[in-house]
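Participant: Below is the file structure07.cif, which contains mmCIF, C-alpha atoms.
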data_entry
#
loop_
_atom_site.label_atom_id
_atom_site.label_comp_id
_atom_site.auth_asym_id
_atom_site.auth_seq_id
_atom_site.Cartn_x
_atom_site.Cartn_y
_atom_site.Cartn_z
CA MET A 1 2.84 32.84 -29.94
CA ASN A 2 5.35 34.92 -31.94
CA LYS A 3 6.98 33.69 -35.09
CA SER A 4 10.61 33.38 -33.99
CA CYS A 5 9.53 31.05 -31.24
CA GLU A 6 7.37 29.06 -33.58
CA ASN A 7 10.26 28.36 -35.89
CA LYS A 8 12.35 26.92 -33.11
CA LEU A 9 9.57 24.77 -31.78
CA ASN A 10 8.96 21.55 -33.56
CA ASP A 11 5.51 20.00 -33.20
CA ASN A 12 7.08 16.63 -32.50
CA LYS A 13 9.03 18.14 -29.64
CA ILE A 14 5.85 19.48 -28.07
CA LEU A 15 4.18 16.10 -28.17
CA HIS A 16 7.36 14.59 -26.78
CA LEU A 17 7.36 17.05 -23.88
CA ALA A 18 3.69 16.36 -23.17
CA ASN A 19 4.39 12.66 -23.15
CA ILE A 20 7.30 13.07 -20.75
CA VAL A 21 5.01 14.92 -18.35
CA GLY A 22 2.35 12.23 -18.71
CA LYS A 23 4.88 9.49 -18.17
CA ILE A 24 6.25 11.05 -14.98
CA LEU A 25 2.73 11.55 -13.67
CA LEU A 26 1.69 7.97 -14.38
CA LYS A 27 4.93 6.53 -12.98
CA ASN A 28 4.41 8.29 -9.69
CA GLY A 29 0.83 7.23 -9.17
CA ALA A 30 -1.43 9.93 -10.63
CA GLU A 31 -4.98 9.17 -11.72
CA THR A 32 -5.59 8.42 -15.40
CA TYR A 33 -7.68 11.49 -16.12
CA ARG A 34 -4.95 13.73 -14.72
CA VAL A 35 -2.41 12.22 -17.14
CA GLU A 36 -4.70 12.63 -20.14
CA ASP A 37 -5.67 16.18 -19.16
CA ALA A 38 -2.04 17.21 -18.70
CA ILE A 39 -1.11 15.96 -22.18
CA LYS A 40 -4.09 17.69 -23.78
CA LYS A 41 -3.43 20.93 -21.91
CA ILE A 42 0.23 21.14 -22.84
CA CYS A 43 -0.43 20.40 -26.52
CA PHE A 44 -3.31 22.85 -26.64
CA ASN A 45 -1.13 25.60 -25.19
CA TYR A 46 1.32 25.26 -28.10
CA GLY A 47 -1.42 25.11 -30.71
CA LEU A 48 -1.82 21.38 -31.21
CA HIS A 49 -5.11 19.55 -31.04
CA ALA A 50 -4.28 16.44 -29.03
CA ASN A 51 -6.01 13.36 -27.76
CA ALA A 52 -4.61 10.87 -25.32
CA PHE A 53 -5.58 7.49 -24.03
CA SER A 54 -3.87 6.14 -20.98
CA THR A 55 -4.10 2.98 -18.97
CA MET A 56 -1.95 1.95 -16.03
CA THR A 57 0.85 0.63 -18.22
CA CYS A 58 0.79 2.71 -21.36
CA ILE A 59 0.05 6.15 -22.81
CA ILE A 60 -1.12 6.46 -26.43
CA SER A 61 -1.35 10.02 -27.69
CA SER A 62 -1.75 11.73 -31.00
CA ALA A 63 -1.73 15.38 -31.97
CA LYS A 64 -2.85 17.30 -35.02
CA ASN A 65 -1.31 20.65 -35.94
CA SER A 66 -2.88 23.58 -37.80
CA SER A 67 -1.79 22.32 -41.23
CA GLY A 68 -3.38 18.94 -40.64
CA ASP A 69 -0.33 16.76 -39.97
CA VAL A 70 -0.85 14.05 -37.39
CA PHE A 71 1.83 12.87 -34.96
CA SER A 72 1.47 10.06 -32.55
CA SER A 73 3.47 8.43 -29.83
CA VAL A 74 3.24 5.48 -27.47
CA GLU A 75 4.91 5.37 -24.07
CA ARG A 76 5.15 2.19 -22.07
CA ILE A 77 5.42 2.23 -18.29
CA HIS A 78 6.94 -0.84 -16.68
CA PHE A 79 7.42 0.10 -13.08
CA ARG A 80 5.41 2.38 -10.83
CA THR A 81 6.24 3.98 -7.50
CA THR A 82 4.39 6.48 -5.36
CA ASN A 83 5.63 10.03 -5.14
CA LEU A 84 2.80 12.45 -4.44
CA ASP A 85 5.14 15.43 -4.27
CA LYS A 86 6.08 15.12 -7.95
CA ILE A 87 2.40 14.90 -8.89
CA HIS A 88 1.68 18.06 -6.91
CA ASN A 89 4.56 19.96 -8.50
CA LEU A 90 3.76 18.84 -12.05
CA ASN A 91 0.08 19.65 -11.57
CA ASN A 92 0.91 23.20 -10.48
CA LEU A 93 3.37 23.54 -13.36
CA THR A 94 0.87 22.46 -16.03
CA ASN A 95 -1.71 24.83 -14.56
CA SER A 96 0.68 27.76 -14.92
CA ILE A 97 1.89 26.79 -18.41
CA LYS A 98 0.51 29.96 -20.02
CA LYS A 99 2.83 32.19 -18.00
CA ILE A 100 6.15 30.53 -18.86
CA THR A 101 8.12 29.79 -22.02
CA TYR A 102 8.81 26.38 -23.54
CA ASN A 103 12.39 26.19 -22.29
CA GLU A 104 11.49 27.19 -18.76
CA PHE A 105 8.75 24.59 -18.76
CA PHE A 106 11.03 21.89 -20.10
CA ASN A 107 13.77 22.65 -17.59
CA SER A 108 11.40 22.66 -14.63
CA VAL A 109 9.90 19.33 -15.74
CA ILE A 110 13.40 17.84 -15.81
CA ALA A 111 14.17 19.39 -12.41
CA ILE A 112 10.98 17.94 -10.90
CA ASN A 113 11.78 14.53 -12.30
CA LYS A 114 15.25 14.62 -10.79
CA SER A 115 14.11 15.92 -7.38
CA LYS A 116 15.17 13.49 -4.71
CA PRO A 117 12.79 11.78 -2.30
CA TYR A 118 13.51 11.68 1.41
CA SER A 119 16.75 10.13 2.55
CA LYS A 120 16.95 6.52 3.61
CA SER A 121 17.00 7.23 7.33
CA VAL A 122 13.89 9.46 7.23
CA THR A 123 11.98 6.83 5.24
CA LEU A 124 13.08 4.14 7.67
CA LEU A 125 11.83 6.27 10.55
CA ALA A 126 8.51 6.80 8.74
CA HIS A 127 8.09 3.04 8.21
CA CYS A 128 8.80 2.33 11.88
CA GLY A 129 6.51 5.14 13.04
CA GLY A 130 3.74 4.25 10.61
CA ALA A 131 3.68 0.68 11.84
CA ALA A 132 4.00 1.61 15.50
CA PHE A 133 1.21 4.19 15.61
CA PHE A 134 -1.22 1.63 14.25
CA SER A 135 -1.01 -0.39 17.47
CA PRO A 136 -3.14 2.07 19.54
CA LEU A 137 -5.80 1.85 16.82
CA PHE A 138 -6.03 -1.92 17.42
CA ASN A 139 -6.05 -1.52 21.25
CA GLY A 140 -2.40 -2.53 21.57
CA THR A 141 -0.12 -2.19 24.59
CA SER A 142 3.33 -0.61 24.75
CA HIS A 143 4.88 -4.01 23.99
CA ASP A 144 2.82 -4.25 20.80
CA PHE A 145 4.06 -0.75 19.95
CA ALA A 146 7.68 -1.90 20.19
CA GLY A 147 6.93 -5.08 18.26
CA ALA A 148 5.39 -3.09 15.43
CA ILE A 149 8.50 -0.90 15.23
CA ILE A 150 10.58 -4.01 14.58
CA GLY A 151 8.12 -5.17 11.90
CA GLY A 152 8.26 -1.76 10.24
CA PHE A 153 12.05 -1.92 10.23
CA PHE A 154 11.99 -5.19 8.26
CA ILE A 155 9.35 -3.94 5.84
CA PHE A 156 11.44 -0.89 5.01
CA TRP A 157 14.29 -3.08 3.83
CA ILE A 158 11.95 -5.25 1.76
CA ASN A 159 10.44 -2.17 0.13
CA TYR A 160 13.89 -0.73 -0.44
CA PHE A 161 15.26 -3.82 -2.17
CA SER A 162 12.11 -4.44 -4.18
CA THR A 163 12.23 -0.91 -5.64
CA PHE A 164 15.98 -1.23 -6.16
CA LEU A 165 15.75 -4.59 -7.95
CA LYS A 166 12.35 -3.79 -9.53
CA ILE A 167 10.76 -6.96 -8.18
CA ASN A 168 7.03 -7.23 -8.85
CA ASN A 169 4.78 -5.90 -6.14
CA PHE A 170 2.98 -9.13 -5.35
CA PHE A 171 6.08 -11.15 -4.57
CA ALA A 172 7.54 -8.36 -2.42
CA THR A 173 4.28 -8.12 -0.49
CA THR A 174 4.19 -11.87 0.10
CA ILE A 175 7.75 -11.82 1.43
CA GLY A 176 6.92 -8.77 3.55
CA GLY A 177 3.92 -10.52 5.10
CA ALA A 178 5.98 -13.61 5.78
CA ILE A 179 8.76 -11.68 7.51
CA CYS A 180 6.24 -9.71 9.61
CA SER A 181 4.72 -12.99 10.79
CA LEU A 182 8.13 -14.41 11.52
CA SER A 183 9.34 -11.44 13.58
CA SER A 184 6.08 -11.20 15.55
CA TYR A 185 6.14 -14.94 16.17
CA LEU A 186 9.72 -14.81 17.44
CA LEU A 187 8.85 -11.92 19.78
CA PHE A 188 5.85 -13.91 20.99
CA LYS A 189 8.01 -17.01 21.51
CA VAL A 190 10.57 -15.03 23.52
CA GLY A 191 7.75 -13.81 25.73
CA PHE A 192 7.91 -10.14 24.79
CA LEU A 193 4.40 -10.10 23.31
CA ASN A 194 1.29 -11.50 24.98
CA ASN A 195 -0.74 -11.43 21.79
CA ILE A 196 0.71 -11.97 18.35
CA SER A 197 -2.08 -10.34 16.31
CA VAL A 198 -1.79 -6.63 17.15
CA ALA A 199 1.90 -6.22 16.39
CA LEU A 200 1.54 -8.34 13.27
CA ILE A 201 -1.44 -6.44 11.85
CA SER A 202 0.15 -3.07 12.70
CA SER A 203 3.23 -3.86 10.67
CA LEU A 204 1.17 -5.46 7.88
CA MET A 205 -0.72 -2.20 7.43
CA LEU A 206 2.41 -0.76 5.78
CA LEU A 207 1.87 -3.15 2.86
CA VAL A 208 -1.88 -2.62 2.49
CA PRO A 209 -2.82 -1.40 -1.03
CA GLY A 210 -4.34 1.93 0.03
CA MET A 211 -2.87 3.74 -2.96
CA SER A 212 -4.25 1.38 -5.63
CA PHE A 213 -7.59 1.23 -3.83
CA THR A 214 -8.09 5.00 -3.71
CA ASN A 215 -6.89 5.56 -7.26
CA SER A 216 -9.04 2.72 -8.54
CA ILE A 217 -12.17 4.35 -7.15
CA ARG A 218 -11.20 7.78 -8.40
CA ASP A 219 -10.55 6.35 -11.88
CA LEU A 220 -13.88 4.55 -11.90
CA ILE A 221 -15.68 7.76 -10.88
CA ALA A 222 -13.96 9.69 -13.66
CA GLY A 223 -15.15 7.07 -16.16
CA ASP A 224 -11.78 5.43 -16.90
CA LEU A 225 -13.13 1.92 -16.51
CA VAL A 226 -10.11 0.10 -17.93
CA SER A 227 -7.54 1.56 -15.57
CA GLY A 228 -10.00 1.67 -12.67
CA LEU A 229 -10.60 -2.06 -12.98
CA SER A 230 -6.93 -2.90 -13.41
CA ARG A 231 -6.01 -0.88 -10.34
CA GLY A 232 -8.80 -2.61 -8.42
CA ILE A 233 -7.49 -6.01 -9.46
CA GLU A 234 -4.02 -4.89 -8.39
CA ALA A 235 -5.37 -3.95 -4.97
CA ILE A 236 -7.13 -7.32 -4.60
CA MET A 237 -4.02 -9.19 -5.72
CA ILE A 238 -1.82 -7.30 -3.25
CA ALA A 239 -4.28 -7.96 -0.44
CA THR A 240 -4.38 -11.66 -1.34
CA SER A 241 -0.61 -12.00 -1.48
CA LEU A 242 -0.40 -10.17 1.86
CA ALA A 243 -2.85 -12.61 3.40
CA ILE A 244 -1.10 -15.63 1.90
CA GLY A 245 2.36 -14.46 2.99
CA SER A 246 1.43 -13.69 6.57
CA GLY A 247 -1.30 -16.28 7.15
CA PHE A 248 0.59 -19.19 5.66
CA THR A 249 3.80 -18.42 7.52
CA LEU A 250 1.97 -18.16 10.80
CA TYR A 251 0.08 -21.36 10.13
CA ALA A 252 3.27 -23.22 9.24
CA LEU A 253 5.06 -21.94 12.36
CA ILE A 254 2.18 -22.98 14.58
CA ALA A 255 1.96 -26.37 12.88
CA ILE A 256 5.70 -26.97 13.35
CA PHE A 257 6.10 -25.73 16.90
CA GLY A 258 2.59 -26.51 18.07
CA ASP A 259 1.78 -23.36 20.05
CA LYS A 260 -1.68 -22.09 20.76
CA ILE A 261 -2.30 -18.45 19.95
CA MET B 1 -12.06 9.42 26.69
CA MET B 2 -8.30 9.47 26.99
CA THR B 3 -7.91 6.38 24.81
CA ILE B 4 -10.05 7.95 22.10
CA PHE B 5 -7.86 11.03 22.17
CA ILE B 6 -4.72 8.87 21.92
CA ARG B 7 -6.23 7.01 18.97
CA ILE B 8 -7.03 10.21 17.09
CA ILE B 9 -3.48 11.44 17.66
CA SER B 10 -2.06 8.14 16.46
CA ALA B 11 -4.27 8.19 13.35
CA PHE B 12 -2.84 11.66 12.68
CA LEU B 13 0.70 10.37 13.12
CA VAL B 14 0.04 7.30 10.94
CA SER B 15 -1.10 9.56 8.12
CA VAL B 16 1.95 11.80 8.56
CA CYS B 17 4.25 8.75 8.42
CA PHE B 18 2.53 7.46 5.29
CA GLY B 19 2.78 10.92 3.76
CA THR B 20 6.53 10.74 4.37
CA ILE B 21 6.67 7.30 2.73
CA PHE B 22 4.81 8.78 -0.26
CA SER B 23 7.41 11.63 -0.16
CA LEU B 24 5.12 14.54 0.57
CA LYS B 25 6.88 17.67 1.75
CA GLY B 26 6.25 20.64 4.03
CA LYS B 27 2.75 21.91 4.75
CA LYS B 28 1.10 19.13 2.74
CA LEU B 29 2.48 16.55 5.16
CA PHE B 30 0.74 18.23 8.10
CA PHE B 31 -2.56 18.49 6.25
CA ALA B 32 -2.37 14.85 5.15
CA GLY B 33 -2.19 14.04 8.85
CA VAL B 34 -5.14 16.35 9.54
CA SER B 35 -7.37 14.47 7.12
CA GLY B 36 -6.34 11.17 8.74
CA GLY B 37 -7.18 12.58 12.18
CA VAL B 38 -10.52 13.93 10.97
CA GLY B 39 -11.41 10.53 9.55
CA TRP B 40 -10.66 8.66 12.74
CA PHE B 41 -12.48 11.32 14.80
CA ALA B 42 -15.59 10.83 12.64
CA TYR B 43 -15.27 7.05 12.98
CA GLU B 44 -15.08 7.29 16.79
CA VAL B 45 -18.01 9.72 16.97
CA PHE B 46 -20.33 7.51 14.92
CA LYS B 47 -19.12 4.41 16.78
CA PHE B 48 -20.02 6.22 20.02
CA LEU B 49 -23.50 6.96 18.65
CA ASN B 50 -24.00 3.20 18.13
CA PHE B 51 -23.78 3.25 14.36
CA SER B 52 -22.88 -0.07 12.76
CA ASP B 53 -19.33 -0.59 11.51
CA PRO B 54 -20.03 -0.21 7.75
CA ALA B 55 -22.11 2.93 8.38
CA SER B 56 -19.41 4.56 10.48
CA TYR B 57 -16.76 3.60 7.91
CA PHE B 58 -18.89 5.20 5.20
CA LEU B 59 -19.34 8.42 7.19
CA ALA B 60 -15.66 8.51 8.15
CA SER B 61 -14.68 8.14 4.51
CA VAL B 62 -17.11 10.96 3.65
CA ALA B 63 -15.38 13.12 6.27
CA ILE B 64 -11.90 12.28 4.94
CA THR B 65 -12.82 13.00 1.32
CA PHE B 66 -14.57 16.21 2.32
CA SER B 67 -11.52 17.47 4.21
CA ALA B 68 -9.21 16.34 1.39
CA GLU B 69 -11.25 18.29 -1.18
CA ILE B 70 -11.20 21.41 1.01
CA ILE B 71 -7.45 21.07 1.69
CA ALA B 72 -6.85 20.67 -2.05
CA LYS B 73 -8.78 23.89 -2.73
CA LYS B 74 -6.97 25.84 0.01
CA LEU B 75 -3.43 24.63 -0.70
CA ASN B 76 -3.95 24.62 -4.46
CA THR B 77 -2.91 21.00 -4.84
CA THR B 78 -4.36 17.65 -5.91
CA VAL B 79 -6.97 15.81 -3.86
CA THR B 80 -4.99 12.58 -3.63
CA VAL B 81 -2.20 14.35 -1.71
CA SER B 82 -4.25 14.22 1.49
CA LEU B 83 -6.81 11.58 0.51
CA ILE B 84 -4.46 8.60 0.17
CA PRO B 85 -2.54 9.03 3.45
CA GLY B 86 -5.77 10.01 5.23
CA LEU B 87 -7.60 6.86 4.18
CA ILE B 88 -4.83 4.46 5.25
CA PRO B 89 -5.81 4.21 8.97
CA LEU B 90 -9.28 2.99 7.99
CA VAL B 91 -8.28 0.33 5.43
CA PRO B 92 -9.39 -3.05 6.87
CA GLY B 93 -5.97 -4.71 6.92
CA GLY B 94 -6.80 -6.77 9.98
CA GLY B 95 -9.77 -8.37 8.25
CA ILE B 96 -7.61 -9.52 5.33
CA TYR B 97 -5.19 -11.20 7.73
CA TYR B 98 -7.88 -12.85 9.87
CA THR B 99 -9.69 -14.21 6.80
CA LEU B 100 -6.76 -16.33 5.70
CA PHE B 101 -5.75 -17.14 9.25
CA TYR B 102 -9.17 -18.67 9.97
CA LEU B 103 -9.26 -20.29 6.55
CA LEU B 104 -6.02 -22.13 7.28
CA HIS B 105 -7.39 -23.24 10.63
CA LYS B 106 -10.39 -24.76 8.82
CA ASN B 107 -12.70 -22.36 10.64
CA ILE B 108 -14.73 -21.61 7.52
CA SER B 109 -17.62 -19.76 9.18
CA SER B 110 -15.32 -17.21 10.88
CA ALA B 111 -13.31 -16.87 7.68
CA THR B 112 -16.38 -16.06 5.57
CA GLU B 113 -17.58 -13.65 8.23
CA LYS B 114 -14.27 -11.78 8.36
CA GLY B 115 -13.85 -11.83 4.57
CA LEU B 116 -17.33 -10.52 3.95
CA GLU B 117 -16.85 -7.90 6.66
CA SER B 118 -13.63 -6.54 5.17
CA PHE B 119 -15.19 -6.60 1.70
CA ILE B 120 -18.18 -4.60 2.93
CA LEU B 121 -15.95 -2.18 4.85
CA SER B 122 -13.81 -1.44 1.80
CA GLY B 123 -17.00 -1.07 -0.24
CA SER B 124 -18.33 1.52 2.18
CA LEU B 125 -15.01 3.38 2.03
CA ALA B 126 -15.32 3.37 -1.76
CA PHE B 127 -18.85 4.70 -1.69
CA GLY B 128 -17.87 7.46 0.72
CA ILE B 129 -15.23 8.64 -1.74
CA LEU B 130 -17.60 8.29 -4.71
CA PHE B 131 -20.33 10.27 -2.99
CA VAL B 132 -18.26 13.30 -1.98
CA THR B 133 -16.16 13.42 -5.17
CA THR B 134 -19.32 13.49 -7.27
CA ILE B 135 -20.86 16.23 -5.15
CA PHE B 136 -17.73 18.39 -5.45
CA GLY B 137 -17.69 17.72 -9.19
CA ILE B 138 -21.28 18.94 -9.48
CA ILE B 139 -20.46 22.07 -7.46
CA SER B 140 -17.51 22.96 -9.67
CA LYS B 141 -19.61 22.38 -12.81
CA ILE B 142 -22.33 24.70 -11.48
CA LYS B 143 -19.72 27.37 -10.75
CA LYS B 144 -18.38 27.09 -14.31
CA LEU B 145 -21.90 27.38 -15.73
CA GLN B 146 -22.53 30.45 -13.60
CA LYS B 147 -19.38 32.10 -14.97
CA ILE B 148 -20.47 31.40 -18.55
CA THR B 149 -24.00 32.68 -18.04
CA LYS B 150 -22.68 35.84 -16.36
CA LYS B 151 -20.39 36.60 -19.30
CA GLN B 152 -23.01 36.07 -22.02
CA PRO B 153 -25.25 39.17 -21.55
CA LYS B 154 -22.33 41.48 -22.35
#
Could you quickly redo this structure as structure tokens?

Facilitator:
Amino acid sequence: MNKSCENKLNDNKILHLANIVGKILLKNGAETYRVEDAIKKICFNYGLHANAFSTMTCIISSAKNSSGDVFSSVERIHFRTTNLDKIHNLNNLTNSIKKITYNEFFNSVIAINKSKPYSKSVTLLAHCGGAAFFSPLFNGTSHDFAGAIIGGFFIFWINYFSTFLKINNFFATTIGGAICSLSSYLLFKVGFLNNISVALISSLMLLVPGMSFTNSIRDLIAGDLVSGLSRGIEAIMIATSLAIGSGFTLYALIAIFGDKI
Amino acid sequence: MMTIFIRIISAFLVSVCFGTIFSLKGKKLFFAGVSGGVGWFAYEVFKFLNFSDPASYFLASVAITFSAEIIAKKLNTTVTVSLIPGLIPLVPGGGIYYTLFYLLHKNISSATEKGLESFILSGSLAFGILFVTTIFGIISKIKKLQKITKKQPK
């Protein structure tokens, strides 16, 4: 690194940049080791010796420069979503950090963070399709297919409002399960569905914690036991709230109206 | 035969839809679907060969992780891009629902059976991922060692 550049660059700023990258990665559902590696890599590239510790909710990092000064920073993460595209882009960017300057890097990080996800209508279509194409996997008929589309439609709105209002995941999942049960039960009551289960399970699959499950295992393999366990507990909690939401609603409906399913 | 084909196609489409929900874009979306399709294909094949459910889940998860690792190498991206959407069709969501449903109907024996079954199925999915990820980790470590040992004589 040449001297003019070094004067402009403050060591604190570098650690700050690294933490921004780590925070975006963790917020969008990256594994823990990827977050820690990204922070280390960025700091190392600008001549800092850094160490980072990250769990699901927090990043603690500290860096030492060549003259022995130590900086540290803590970043808290309160709300997580899933955006695999941002993870992909940031991963490629940190791998090519040696080829670009600090300002270019900073600007592209900001650009990636601001990049917009799919529009509302496309996401709605994906929810409907994702629920509907599960019905062949459970031996469903064309009526189950249509029933699952309706369930997916409701789940999209629940997901949308829960991300908008930042409601906790467990409550949103419980409500989602309840509404799935309700819509499938109504369709069954009208006589559109012969069997309540297939359409109900197909739309419930949208709420299944596949993301936390996969990341939990990958964290445990990488040796990050703390975040692996907490993600695993998250997956179990989501599955439980899903079961309670859907199972209890269905049970209550059957108990009130006295149908046999 | 036809139903199996339809199921594989729908597993592909499920993974594509979930990729869209996880805001994947472009070529990655297609390959996320491919790994979902591969997983369901493996599941159907081992089911056809009279493997038990946990065994075929394990082998299907091995197939998904294997394809996800290869896709990640080819497209120069992260493994989770195709692993997470690909694994979704196999997650035992039905078992979770049936467990509580039976539990509320006081049918404890069916509830335990379903609960244990979905627990074992998710465990076999986990071990499939663990197995292949570790193998790919070992391979990449060996390649790194080879590079170092080649450089040293000079």

Participant: Interatomic distance between atom CA of A:Ile39 and atom CA of A:Asp85?

Facilitator: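 Separation between atom CA of A:Ile39 and atom CA of A:Asp85: 19.0 Å.
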
Participant: Applying the PyMOL selection byres ((chain A) within 7 of (chain B)) to the file I just gave you, which residues come out? Please list them as a PyMOL selection string.

Facilitator: chain A and resi 82-85+88+117-118+123+126-127+129-130+133-134+136-137+201+205+208+210-211+214+217+221+239+243-244+247+251

Participant: Selection from above, C-alpha atoms, as an mmCIF file, keeping the file's coordinate frame, can you write it?

Facilitator:
data_model
loop_
_atom_site.group_PDB
_atom_site.id
_atom_site.type_symbol
_atom_site.label_atom_id
_atom_site.label_comp_id
_atom_site.auth_asym_id
_atom_site.auth_seq_id
_atom_site.Cartn_x
_atom_site.Cartn_y
_atom_site.Cartn_z
ATOM 1 C CA THR A 82 4.390 6.480 -5.360
ATOM 2 C CA ASN A 83 5.630 10.030 -5.140
ATOM 3 C CA LEU A 84 2.800 12.450 -4.440
ATOM 4 C CA ASP A 85 5.140 15.430 -4.270
ATOM 5 C CA HIS A 88 1.680 18.060 -6.910
ATOM 6 C CA PRO A 117 12.790 11.780 -2.300
ATOM 7 C CA TYR A 118 13.510 11.680 1.410
ATOM 8 C CA THR A 123 11.980 6.830 5.240
ATOM 9 C CA ALA A 126 8.510 6.800 8.740
ATOM 10 C CA HIS A 127 8.090 3.040 8.210
ATOM 11 C CA GLY A 129 6.510 5.140 13.040
ATOM 12 C CA GLY A 130 3.740 4.250 10.610
ATOM 13 C CA PHE A 133 1.210 4.190 15.610
ATOM 14 C CA PHE A 134 -1.220 1.630 14.250
ATOM 15 C CA PRO A 136 -3.140 2.070 19.540
ATOM 16 C CA LEU A 137 -5.800 1.850 16.820
ATOM 17 C CA ILE A 201 -1.440 -6.440 11.850
ATOM 18 C CA MET A 205 -0.720 -2.200 7.430
ATOM 19 C CA VAL A 208 -1.880 -2.620 2.490
ATOM 20 C CA GLY A 210 -4.340 1.930 0.030
ATOM 21 C CA MET A 211 -2.870 3.740 -2.960
ATOM 22 C CA THR A 214 -8.090 5.000 -3.710
ATOM 23 C CA ILE A 217 -12.170 4.350 -7.150
ATOM 24 C CA ILE A 221 -15.680 7.760 -10.880
ATOM 25 C CA ALA A 239 -4.280 -7.960 -0.440
ATOM 26 C CA ALA A 243 -2.850 -12.610 3.400
ATOM 27 C CA ILE A 244 -1.100 -15.630 1.900
ATOM 28 C CA GLY A 247 -1.300 -16.280 7.150
ATOM 29 C CA TYR A 251 0.080 -21.360 10.130
#

Participant: I need the residue set behind the PyMOL selection byres ((chain A and resi 115) around 12) for this file; please write it as a list of chain:residue names.

Facilitator: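 On the file shown, the PyMOL selection byres ((chain A and resi 115) around 12) covers A:Ile24, A:Asn83, A:Asp85, A:Lys86, A:Ile87, A:Asn89, A:Leu90, A:Ser108, A:Val109, A:Ile110, A:Ala111, A:Ile112, A:Asn113, A:Lys114, A:Lys116, A:Pro117, A:Tyr118, A:Ser119, B:Ser23, B:Lys25.
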
Participant: Which neighbours of A:Ser142 fall inside 10 Å, counting only C-alpha atoms, when residues of the same chain fewer than 5 positions from it are skipped, and could you give them as a VMD selection string?

Facilitator: chain A and resid 132 135 to 136 147 to 148 193

Participant: Please report the interatomic distance between atom CA of B:Ser140 and atom CA of B:Ile70 in Å with one decimal.

Facilitator: 12.5 Å

Participant: What separation in Å, quoted to one decimal, exists between atom CA of A:Glu75 and atom CA of A:Ala52?

Facilitator: 11.1 Å

Participant: Can you translate the PyMOL selection byres ((chain B and resi 44-56) around 9) into the concrete residues it hits in this file, as an MDAnalysis selection string?

Facilitator: chainID B and resid 4 8 39:43 57:61 117 120:125

Participant: Counting all atoms listed in the file, find residues at most 7 Å from (-14.4, 15.7, -1.7) (file frame) and give them as a list in words.

Facilitator: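 Counting all atoms listed in the file, I find these residues within 7 Å of (-14.4, 15.7, -1.7): Thr65, Phe66, Ser67, Ala68, Glu69, Val132, Thr133 and Phe136 of chain B.
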
Participant: For A:Gly152, which residue among A:Phe171, A:Asn194, A:Leu124, A:Ile42 is the nearest when counting all atoms listed in the file?

Facilitator: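 Once distances to A:Gly152 are computed over all atoms listed in the file, the minimum belongs to A:Leu124.
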
Participant: May I have the protein, DNA and RNA residues with an atom at most 12 Å from (-12.5, 1.9, -18.2), counting all atoms listed in the file in the file's coordinates, returned as a PyMOL selection string?

Facilitator: chain A and resi 32-33+53-56+216-232

Participant: What's around A:Gly177 at 6 Å? Count all atoms listed in the file, leave out sequence neighbours fewer than 5 positions away in its own chain, and write the answer as a list in words.

Facilitator: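 My list of contacting residues is Leu242, Gly245 and Ser246 of chain A.
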
Participant: Excluding A:Ala38 and residues on its chain fewer than 6 positions from it, collect all residues at most 8 Å away from it, counting all atoms listed in the file, and give them as a PyMOL selection string.

Facilitator: chain A and resi 18+21-22+91+94

Participant: N, CA and C atoms for stretch 124-133 of chain B, written as a PDB file, keeping the file's coordinate frame, could you do that?

Facilitator:
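File written: part08.pdb
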ATOM      1  N   SER B 124     -17.762   0.289   1.639  1.00  0.00           N
ATOM      2  CA  SER B 124     -18.330   1.520   2.180  1.00  0.00           C
ATOM      3  C   SER B 124     -17.330   2.662   2.109  1.00  0.00           C
ATOM      4  N   LEU B 125     -16.028   2.337   2.247  1.00  0.00           N
ATOM      5  CA  LEU B 125     -15.010   3.380   2.030  1.00  0.00           C
ATOM      6  C   LEU B 125     -15.108   3.909   0.608  1.00  0.00           C
ATOM      7  N   ALA B 126     -15.253   2.978  -0.353  1.00  0.00           N
ATOM      8  CA  ALA B 126     -15.320   3.370  -1.760  1.00  0.00           C
ATOM      9  C   ALA B 126     -16.520   4.263  -2.015  1.00  0.00           C
ATOM     10  N   PHE B 127     -17.665   3.889  -1.426  1.00  0.00           N
ATOM     11  CA  PHE B 127     -18.850   4.700  -1.690  1.00  0.00           C
ATOM     12  C   PHE B 127     -18.779   6.065  -1.036  1.00  0.00           C
ATOM     13  N   GLY B 128     -18.083   6.147   0.117  1.00  0.00           N
ATOM     14  CA  GLY B 128     -17.870   7.460   0.720  1.00  0.00           C
ATOM     15  C   GLY B 128     -17.108   8.375  -0.218  1.00  0.00           C
ATOM     16  N   ILE B 129     -16.026   7.829  -0.812  1.00  0.00           N
ATOM     17  CA  ILE B 129     -15.230   8.640  -1.740  1.00  0.00           C
ATOM     18  C   ILE B 129     -16.069   9.040  -2.943  1.00  0.00           C
ATOM     19  N   LEU B 130     -16.787   8.054  -3.495  1.00  0.00           N
ATOM     20  CA  LEU B 130     -17.600   8.290  -4.710  1.00  0.00           C
ATOM     21  C   LEU B 130     -18.605   9.410  -4.487  1.00  0.00           C
ATOM     22  N   PHE B 131     -19.279   9.332  -3.338  1.00  0.00           N
ATOM     23  CA  PHE B 131     -20.330  10.270  -2.990  1.00  0.00           C
ATOM     24  C   PHE B 131     -19.810  11.708  -2.967  1.00  0.00           C
ATOM     25  N   VAL B 132     -18.745  11.922  -2.167  1.00  0.00           N
ATOM     26  CA  VAL B 132     -18.260  13.300  -1.980  1.00  0.00           C
ATOM     27  C   VAL B 132     -17.601  13.824  -3.252  1.00  0.00           C
ATOM     28  N   THR B 133     -16.835  12.967  -3.940  1.00  0.00           N
ATOM     29  CA  THR B 133     -16.160  13.420  -5.170  1.00  0.00           C
ATOM     30  C   THR B 133     -17.192  13.872  -6.187  1.00  0.00           C
TER      31      THR B 133
END
